[in-house]
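Peer 1: What follows is a single structure, and I will ask about it in a moment.
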Amino acid sequence: MDRFDLIIKGGTVVTSADSVRCDIGIKDGVVTALAGALNGGESIDAAGKLVMPGGIDSHCHIDQVSSGGLETADDFASGSRSAAAGGTTTIIPFAAQHKGQSLREVVADYHRRAAGKAIIDYAFHLIISDPTDAVLGQEFPALIKDGYSSAKIYLTYDALKLDDRQVLDVLATARREGAMVMVHAENHDVIQWLTENLLLQGKSAPRYHATAHAAAAEREATHRAITLAEVVGVPVLIVHVSGREAIEQIAWAQRKGLQVYGETCPQYLFLTADDMDREGLEGAKYMCSPPPRDAANQEHVWRGLENGVLQVFSSDHAPYRFSGGDGKTAAGANAPFSKIANGVPGLEIRLPLLFSEGVRTGRLSLQKFVDLTATRAARLYGLYPRKGTIAVGSDADIAIWDPERQVTISQNMLHDNMDYTPYEGRAVTGWPAVTLSRGEVVWNGTEITATPGRGLFLPCDLPEPARPNRSGILET
Ligand code: URP
Ligand code: ZN
Ligand code: ZN
């Protein structure tokens, strides 16, 4: 019997720490050897290629019903296909609680949605919108122990938003049980007040979404989330950070020694609010919350990634098609911005865009690229070292990159179930030539080669970065 099921030969193996020329031996889906020259099994020639940990997309909405009642276009089949074709081997979507629902039942429902469909492995974050005594006293703690060790909470959206008292209760539970809390930080009343007044002034086009979701609203809510976490004495992760105002708050907290983490997404590097300023509802294709800002803010986001204030680069893939009953135009051709679904797709292009514009331009090292797109998410959400690195004992989740491959992004080449991409016509250099999930080729550079249902659910450990290093006010 061969020593290995597969050997990846002759590539440059990149982790968040190193780049090394070596072969990778894989047995039973796991990396079992890293050495100069390995023999004894089938091989893939990776000469001239970069062999990196498959990406972890730790923020994507798959087969999820939005706060406005719309269903995302991607289910676990199309979402995981799209992820794999872009070099991602783990997704962490959400099991989203709507008010009145049992968190346990929500989780069971999302497992049914994923079953038999995913081609790559997946975990779940919880979304807690109804932190009742039963949810915080029993369901959330039990689910954390069962491998759902992160939860997202919202400071905006009528159907999801928690008040400050509820946020404190969720954070206190997370502190006690060791979970990571992610916060969607925008000030709800500011957004509502601006929206109502903009609409009264007849300003209803998609571009006014950016005015309503002002950077000041994001800044205030970011600061508030940080403050509430400081009061409780627990780490917190601010998701989809859009620009300077929020970054300054996160950097301030980090300088104070608070355990505050930050995530950003492609839309804040590659889109601006001007993209929403188009004929009719065309601008809706670029609407997400928080919204893309301007070129100066893009530069701040780049710097946040470079200098470590922001640690995670996810897609926030929120796939609402342009047309159809669950799409951006569901409320009609003249719908005001406030009635248009928020969110943009990005699962497949997340890594190629950052590689092309970050690594190839010299802004980001290869190590930083791997850290931002895979390793850090694995650590922050309790999947490391099974996922997020290439090491003996880790799952053989690997993307073999052709760093020279030129691709013009277009919806018809993507594998999601969308009818548009906000990045149509954008040229990138560098694309995964092969994606492996637990040693099995799932993307061969031209087509998906995996069977739906092979993806496994990943219970997450208690994340080490969620462990508090300071007391809350009640403990002092
Ligand atoms: O606009 C966005 N980001 N939609 C997805 C839901 C969320 O808040 O992340
Ligand atoms: Zn959000
Ligand atoms: Zn999101």
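By order in the structure tokens, chains are A, B, ...; within a chain, residues start at 1; ligands start at 1, following the order shown.
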Per residue of segment 18-105 of chain A within 12 Å of segment 142-164 of chain A, record the nearest atom pair and its distance in Å to one decimal, counting only C-alpha atoms, with rows in chain order and ascending residue number, as a tab-separated table.

Peer 2:
residue	atom	partner	partner_atom	distance
A:Ser58	CA	A:Ser150	CA	10.6
A:His59	CA	A:Lys152	CA	9.9
A:Cys60	CA	A:Lys152	CA	11.8
A:His61	CA	A:Lys152	CA	12.0
A:Val65	CA	A:Ala159	CA	11.6
A:Ser66	CA	A:Ala159	CA	9.3
A:Ser67	CA	A:Ala159	CA	5.6
A:Gly68	CA	A:Ala159	CA	7.7
A:Gly69	CA	A:Ala159	CA	9.8
A:Ile92	CA	A:Ser150	CA	10.1
A:Pro93	CA	A:Lys152	CA	10.6
A:Phe94	CA	A:Lys152	CA	8.3
A:Ala95	CA	A:Ala151	CA	9.1
A:Ala96	CA	A:Lys152	CA	8.9
A:Gln97	CA	A:Leu160	CA	8.6
A:His98	CA	A:Leu160	CA	7.2
A:Lys99	CA	A:Ala159	CA	7.3
A:Gly100	CA	A:Ala159	CA	10.9
A:Ser102	CA	A:Leu143	CA	11.6
A:Leu103	CA	A:Leu143	CA	8.5
A:Arg104	CA	A:Leu143	CA	7.5
A:Glu105	CA	A:Leu143	CA	11.1

Peer 1: Among segment 23-175 of chain A, which residues carry a DSSP assignment of helix (DSSP H, G or I), reported as a PyMOL selection string?

Peer 2: chain A and resi 76-85+103-114+133-145+164-175

Peer 1: Taking only C-alpha atoms and all ligand atoms and a cut-off of 8 Å, can you tell me which residues surround ligand 2, written as a VMD selection string?

Peer 2: chain A and resid 154 183 to 185 239 to 240 289 to 290 316

Peer 1: Give me the residues near Ala391 of chain A as a list in words, where near means some atom within 9 Å (using only C-alpha atoms) and where sequence neighbours in that chain fewer than 3 positions away do not count.

Peer 2: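 The contact residues come out as Thr15, Val31, Thr32, Ala33, Leu34, Pro385, Arg386, Ser394, Asp395 and Ala396 of chain A.
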
Peer 1: How would the residues just picked look written out with all heavy atoms as a PDB file, in the first residue's frame?

Peer 2:
ATOM      1  N   THR A  15       2.594  29.340   4.724  1.00  0.00           N
ATOM      2  CA  THR A  15       1.708  29.425   5.891  1.00  0.00           C
ATOM      3  C   THR A  15       1.770  30.855   6.419  1.00  0.00           C
ATOM      4  O   THR A  15       2.476  31.697   5.853  1.00  0.00           O
ATOM      5  CB  THR A  15       2.141  28.462   7.014  1.00  0.00           C
ATOM      6  OG1 THR A  15       3.425  28.898   7.499  1.00  0.00           O
ATOM      7  CG2 THR A  15       2.218  27.029   6.531  1.00  0.00           C
ATOM      8  N   VAL A  31      -2.672  15.983   6.421  1.00  0.00           N
ATOM      9  CA  VAL A  31      -1.258  16.158   6.071  1.00  0.00           C
ATOM     10  C   VAL A  31      -0.444  15.263   7.013  1.00  0.00           C
ATOM     11  O   VAL A  31      -0.553  15.385   8.239  1.00  0.00           O
ATOM     12  CB  VAL A  31      -0.829  17.636   6.222  1.00  0.00           C
ATOM     13  CG1 VAL A  31       0.675  17.796   6.016  1.00  0.00           C
ATOM     14  CG2 VAL A  31      -1.613  18.525   5.253  1.00  0.00           C
ATOM     15  N   THR A  32       0.366  14.348   6.414  1.00  0.00           N
ATOM     16  CA  THR A  32       1.144  13.447   7.281  1.00  0.00           C
ATOM     17  C   THR A  32       2.646  13.642   7.115  1.00  0.00           C
ATOM     18  O   THR A  32       3.421  13.087   7.894  1.00  0.00           O
ATOM     19  CB  THR A  32       0.791  11.962   7.010  1.00  0.00           C
ATOM     20  OG1 THR A  32       0.945  11.703   5.618  1.00  0.00           O
ATOM     21  CG2 THR A  32      -0.636  11.657   7.429  1.00  0.00           C
ATOM     22  N   ALA A  33       3.053  14.394   6.084  1.00  0.00           N
ATOM     23  CA  ALA A  33       4.490  14.646   5.942  1.00  0.00           C
ATOM     24  C   ALA A  33       4.731  15.931   5.165  1.00  0.00           C
ATOM     25  O   ALA A  33       3.990  16.264   4.240  1.00  0.00           O
ATOM     26  CB  ALA A  33       5.159  13.475   5.211  1.00  0.00           C
ATOM     27  N   LEU A  34       5.764  16.639   5.569  1.00  0.00           N
ATOM     28  CA  LEU A  34       6.259  17.808   4.840  1.00  0.00           C
ATOM     29  C   LEU A  34       7.758  17.582   4.723  1.00  0.00           C
ATOM     30  O   LEU A  34       8.450  17.483   5.737  1.00  0.00           O
ATOM     31  CB  LEU A  34       5.991  19.098   5.632  1.00  0.00           C
ATOM     32  CG  LEU A  34       4.526  19.496   5.832  1.00  0.00           C
ATOM     33  CD1 LEU A  34       4.400  20.499   6.971  1.00  0.00           C
ATOM     34  CD2 LEU A  34       3.968  20.099   4.553  1.00  0.00           C
ATOM     35  N   PRO A 385      -5.658  23.871  15.200  1.00  0.00           N
ATOM     36  CA  PRO A 385      -4.933  23.796  13.931  1.00  0.00           C
ATOM     37  C   PRO A 385      -5.519  22.791  12.942  1.00  0.00           C
ATOM     38  O   PRO A 385      -4.879  22.495  11.945  1.00  0.00           O
ATOM     39  CB  PRO A 385      -3.553  23.336  14.387  1.00  0.00           C
ATOM     40  CG  PRO A 385      -3.844  22.433  15.548  1.00  0.00           C
ATOM     41  CD  PRO A 385      -5.075  22.979  16.220  1.00  0.00           C
ATOM     42  N   ARG A 386      -6.753  22.303  13.239  1.00  0.00           N
ATOM     43  CA  ARG A 386      -7.340  21.385  12.244  1.00  0.00           C
ATOM     44  C   ARG A 386      -7.471  22.095  10.896  1.00  0.00           C
ATOM     45  O   ARG A 386      -7.256  21.508   9.840  1.00  0.00           O
ATOM     46  CB  ARG A 386      -8.713  20.907  12.744  1.00  0.00           C
ATOM     47  CG  ARG A 386      -9.409  20.034  11.738  1.00  0.00           C
ATOM     48  CD  ARG A 386     -10.662  19.389  12.278  1.00  0.00           C
ATOM     49  NE  ARG A 386     -11.294  18.605  11.234  1.00  0.00           N
ATOM     50  CZ  ARG A 386     -12.498  18.046  11.326  1.00  0.00           C
ATOM     51  NH1 ARG A 386     -13.188  18.190  12.438  1.00  0.00           N
ATOM     52  NH2 ARG A 386     -12.999  17.361  10.321  1.00  0.00           N
ATOM     53  N   SER A 394      -2.827  18.452  10.361  1.00  0.00           N
ATOM     54  CA  SER A 394      -3.951  19.310   9.944  1.00  0.00           C
ATOM     55  C   SER A 394      -4.698  18.666   8.786  1.00  0.00           C
ATOM     56  O   SER A 394      -4.127  17.893   8.010  1.00  0.00           O
ATOM     57  CB  SER A 394      -3.436  20.677   9.485  1.00  0.00           C
ATOM     58  OG  SER A 394      -2.830  21.348  10.549  1.00  0.00           O
ATOM     59  N   ASP A 395      -5.972  19.000   8.659  1.00  0.00           N
ATOM     60  CA  ASP A 395      -6.723  18.553   7.479  1.00  0.00           C
ATOM     61  C   ASP A 395      -6.024  19.077   6.223  1.00  0.00           C
ATOM     62  O   ASP A 395      -5.554  20.220   6.205  1.00  0.00           O
ATOM     63  CB  ASP A 395      -8.158  19.105   7.518  1.00  0.00           C
ATOM     64  CG  ASP A 395      -9.050  18.323   8.476  1.00  0.00           C
ATOM     65  OD1 ASP A 395      -8.566  17.331   9.077  1.00  0.00           O
ATOM     66  OD2 ASP A 395     -10.224  18.704   8.623  1.00  0.00           O
ATOM     67  N   ALA A 396      -6.014  18.245   5.189  1.00  0.00           N
ATOM     68  CA  ALA A 396      -5.363  18.657   3.923  1.00  0.00           C
ATOM     69  C   ALA A 396      -6.330  19.519   3.116  1.00  0.00           C
ATOM     70  O   ALA A 396      -6.816  19.140   2.056  1.00  0.00           O
ATOM     71  CB  ALA A 396      -4.910  17.430   3.146  1.00  0.00           C
TER      72      ALA A 396
END

Peer 1: Which residues of segment 171-242 of chain A have any atom within 12 Å of an atom in segment 305-314 of chain A when counting only C-alpha atoms, and what is the closest pair of atoms for each, with the distance in Å to one decimal? Order the rows by chain and rising number and write it as CSV.

Peer 2:
residue,atom,partner,partner_atom,distance
A:Met182,CA,A:Val312,CA,12.0
A:Leu237,CA,A:Gln311,CA,9.7
A:Ile238,CA,A:Leu310,CA,9.2
A:Val239,CA,A:Val312,CA,8.8
A:His240,CA,A:Ser314,CA,8.2
A:Val241,CA,A:Leu310,CA,8.5
A:Ser242,CA,A:Leu310,CA,10.9

Peer 1: Write the residues of the preceding selection, restricted to N, CA, C and O atoms, as a compact mmCIF listing (two decimals), in the first residue's frame.

Peer 2:
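Resulting contents of selection22.txt:
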# COMPACT_ATOMS: atom_id res chain seq x y z
N MET A 182 -19.43 38.45 17.95
CA MET A 182 -19.21 39.32 16.79
C MET A 182 -20.33 40.37 16.80
O MET A 182 -21.49 40.03 17.06
N LEU A 237 -15.48 41.08 18.72
CA LEU A 237 -15.00 41.17 17.34
C LEU A 237 -15.98 42.02 16.53
O LEU A 237 -17.17 41.68 16.46
N ILE A 238 -15.49 43.13 16.00
CA ILE A 238 -16.36 44.02 15.21
C ILE A 238 -16.29 43.57 13.76
O ILE A 238 -15.20 43.54 13.17
N VAL A 239 -17.44 43.21 13.19
CA VAL A 239 -17.44 42.66 11.82
C VAL A 239 -17.64 43.77 10.79
O VAL A 239 -18.04 44.88 11.12
N HIS A 240 -17.38 43.42 9.56
CA HIS A 240 -17.51 44.26 8.35
C HIS A 240 -17.25 45.75 8.61
O HIS A 240 -18.11 46.60 8.41
N VAL A 241 -16.02 46.04 9.01
CA VAL A 241 -15.59 47.41 9.28
C VAL A 241 -15.37 48.13 7.94
O VAL A 241 -14.67 47.64 7.07
N SER A 242 -15.99 49.32 7.80
CA SER A 242 -16.02 49.93 6.47
C SER A 242 -15.00 51.04 6.25
O SER A 242 -14.80 51.46 5.11

Peer 1: Applying 12 Å and only C-alpha atoms, which residues near Ala331 of chain A remain after dropping the ones on its own chain fewer than 2 positions away? List them as a VMD selection string.

Peer 2: chain A and resid 68 70 281 284 322 to 329 333 to 341

Peer 1: Find the residue from A:Thr361, A:Gly453, A:Glu263, A:Arg379 that sits nearest to ligand 3; use only C-alpha atoms and all ligand atoms when measuring.

Peer 2: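 Once distances to ligand 3 are computed over only C-alpha atoms and all ligand atoms, the minimum belongs to A:Glu263.
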